[in-house]
Amino acid sequence: MAGRQGGRGRRLLAVGTMTGLAVSATAAGTALAQPEGDTPRAVVDWSVERQTVDGFGGSWAFHKAGSVQRLGDPLAGEVLDMIFDVDQGIGLDIVRVMVGDGGIDEWGDELFDGPSETIQPDPGPYVWDRPDWDEVKDDFDAYQIWLMQEAQARGVETILASVWSPPAWMKENESVTGSPGGLPNRLRPDMYQEFADYLAAYVQGYSEHFGIEITHLSPTNEPDLSTSYSSSEWSPAELSTFVGEYLGPTFEAEGIDTQIVVGETVGFHEQWVLPSLLDPGTEPYVDVVAAHAYTGLINGATTPRPEAFEVTNQLGKPVWQTEYMNQGAPADNSFQNNTISDGLRYATLISNMFETSSLNAYFWWWPVANNGADGSDLIRLANDGTPQSGAPTETGEFRTFKRYYTIGQYSRFISDGYVVIEADHQPVEGVTVSAFKEEETGQFTIVVVNTNEDDLDLTVDLEGGFPLPPETKEDCKNGGWREFTDPSFRNQGQCVASVASGSGTPSAVVPYRTSASENMRQLEAIGTVDRSFTATLRGQSVTTFVPSGSELPELPDRKDVFSTYLAAENDGQSPGFGVLTTERGEVVTDVSDGSFLRYANVNFADGSAAGTAAQRGQLRIHAEVAPRAGGAIEVRLGDPGGTLVGTMAVPSSSGEPGEWITVSTDIDTSPGGARGFHDLYLVFTGGHDPLFDIELTRFSD
């Protein structure tokens, strides 16, 4: 991870003077102090290593890359950078694609949701050995080929190709889909070797003709399910036979070093792979055990069962979770399931999978897509509402959900090859801790999830030889200077001089946080004291800590309608406000007629809060206020006198000052209103000052 100093700090209403490291930053939610006795502690031990991380990924099956490609540059490049680039996005480093089965005549659409082309449409030659190859090559599997090449250009090296179905002519039912009441939706037993040769040719052909190295191949996708789209059932015994007697030996004979991924069942468990693991002839060919997570989770779908991969873990095989999303109405289109509560569920799940199942890789379903369900995506491309068939529907707008950022709190800061290290996983109720390191560079990443509503302090003890710089001159004495590697010193005097001058890299960590009101925001550095640091974890947040000197740039500022907008943490305001700390947190007081708060670059996309067609363009805004004289909150775009898209009336106080109420209004999302990116202004009006106090605003469907 490159050592780059990141980004612009957000302007706060209440700003204290800070010199060097932050001693206290309430608005930023960090703290530096000797831990008090009742502060929860979590020990992270550099010397106790667990599994190696293989990466974080997502799928592009069913033509989803086509919608990105059709955006055209520069927007297509921007969206891809948001997915694959660590400076501009969340740094996913694994691509999952579909091994095409050629079933477009049976189901789906060529633009939006359908199967890819097969390399062998019939028992004859492969497509690249046919006379018309030069004519059809550019259109063959074009969306996925483009995506894989774009991902490789952004540094992605790991590509998993999964088989939803063999070609129809290889199957008992002569179809790529399930046929209720018909013949079995299975590969014909006499086609096992033919199918193994087919997969070997797929790997070799994509390398030769497209420059794409398929590093991992899974012969099945959800072998325990038969569907109306591409699918093929396998029993655990059949899968073991195919891998052990056909696919593994064929790859071996052909000198193919692509790793074989086995499983990818609907549920997060190893049951379909057990015969393969327990068969001494098959087990050596099982390189990765994979599963999806649609069933088999506990504790509100945040935790895998402890025994889910018991044999896999005993054998030291990597565990990959290769597909998951919000699935089924209303979860897949619920506004709430695109906010921080949804993001926290996935952040907690990832942490628990690393801890409980010794996870090595985590995948989302579609990172970016134009489809009918918000819950399928991290970023959803808006469409014009016309049928998703036959013609492009993308509008050039997109909606970024909170889970994009909470998953990115891991993927952006943990590279493949990092090693999970020992950490007190749940130091206090509602908090999970995961830790990772890269031994060669001395880099480390600590991810802390706080699902509690309230802020809380946590002290993290860095034990086992963390390669941090010296904190004090005493650290340099009695041979201590020899212990340091980043930086290293020639002698005690050089070490002492470095500490005294403050010229060296400080012993500190830099937090990045996603919460209801923040999207991977970079906070003030926190210095270590006796190799410990104490941070205030904002309620319902994910915070990632990296060593000082290895910061990444702050992400481009793209706010969204799925965030909360705290009045005391804005991007600009008129003069004269006060800030009061209450049991609700910081609130803005002294609101007067004509005053305003500004929030930069808010993405309204197509004006929709929820993804259903019936709710297209429906958006509401709410403000938490304590009335005084009363007045109104005008919602404007661009500047304080800009386009008016809504007005919230605030009544005068009917009781004691400080009684908090919620005021609301619909937002105008017509083409001339809240569509696309705008600076958002809350302009306050009324006859007598002070009008009211304000804590926050938020959106909803």
# chains A, B, ... in the order shown; residues from 1 in each chain; ligands from 1

call {"tool": "closest_atom_pairs", "arguments": {"of": "segment 358-407 of chain A", "to": "segment 671-693 of chain A", "cutoff": "10 Å", "atoms": "only C-alpha atoms", "output": "CSV"}}
result
residue,atom,partner,partner_atom,distance
A:Gly396,CA,A:Gly676,CA,9.1
A:Glu397,CA,A:Gly676,CA,6.5
A:Phe398,CA,A:Gly676,CA,8.4
A:Arg399,CA,A:Gly676,CA,9.6

call {"tool": "closest_residue", "arguments": {"among": "A:Ala200, A:Pro511, A:Phe112, A:Val127", "to": "Ile526 of chain A", "atoms": "only C-alpha atoms"}}
result
A:Pro511

call {"tool": "select_by_dssp", "arguments": {"residues": "segment 246-316 of chain A", "states": "alpha helix (DSSP H)", "output": "list in words"}}
result
Gly248, Pro249, Thr250, Phe251, Glu252, Ala253, Glu254, Leu274, Pro275, Ser276, Leu277, Leu278, Glu310, Val311, Thr312, Asn313, Gln314 and Leu315 of chain A

call {"tool": "write_last_selection", "arguments": {"atoms": "C-alpha atoms", "output": "mmCIF file, in the first residue's frame"}}
result
data_model
loop_
_atom_site.group_PDB
_atom_site.id
_atom_site.type_symbol
_atom_site.label_atom_id
_atom_site.label_comp_id
_atom_site.auth_asym_id
_atom_site.auth_seq_id
_atom_site.Cartn_x
_atom_site.Cartn_y
_atom_site.Cartn_z
ATOM 1 C CA GLY A 248 -8.104 -32.300 -12.094
ATOM 2 C CA PRO A 249 -6.250 -34.872 -14.209
ATOM 3 C CA THR A 250 -7.084 -32.966 -17.429
ATOM 4 C CA PHE A 251 -5.689 -29.709 -16.066
ATOM 5 C CA GLU A 252 -2.645 -31.625 -14.865
ATOM 6 C CA ALA A 253 -2.076 -33.297 -18.217
ATOM 7 C CA GLU A 254 -2.465 -29.982 -20.077
ATOM 8 C CA LEU A 274 -17.094 -33.156 1.769
ATOM 9 C CA PRO A 275 -16.889 -36.171 -0.578
ATOM 10 C CA SER A 276 -14.218 -34.309 -2.568
ATOM 11 C CA LEU A 277 -12.267 -33.442 0.583
ATOM 12 C CA LEU A 278 -12.502 -36.949 2.031
ATOM 13 C CA GLU A 310 -14.667 -27.717 9.925
ATOM 14 C CA VAL A 311 -13.045 -30.241 7.564
ATOM 15 C CA THR A 312 -11.948 -27.527 5.127
ATOM 16 C CA ASN A 313 -10.189 -25.682 7.939
ATOM 17 C CA GLN A 314 -8.561 -28.861 9.241
ATOM 18 C CA LEU A 315 -7.111 -29.530 5.792
#

call {"tool": "residues_around", "arguments": {"residues": "segment 662-665 of chain A", "least_positions_apart": "3", "cutoff": "7 Å", "atoms": "only C-alpha atoms", "output": "PyMOL selection string"}}
result
chain A and resi 620-625+646-650

call {"tool": "residues_around", "arguments": {"residues": "Arg41 of chain A", "least_positions_apart": "3", "cutoff": "6 Å", "atoms": "only C-alpha atoms", "output": "ChimeraX atom specification"}}
result
/A:458-460
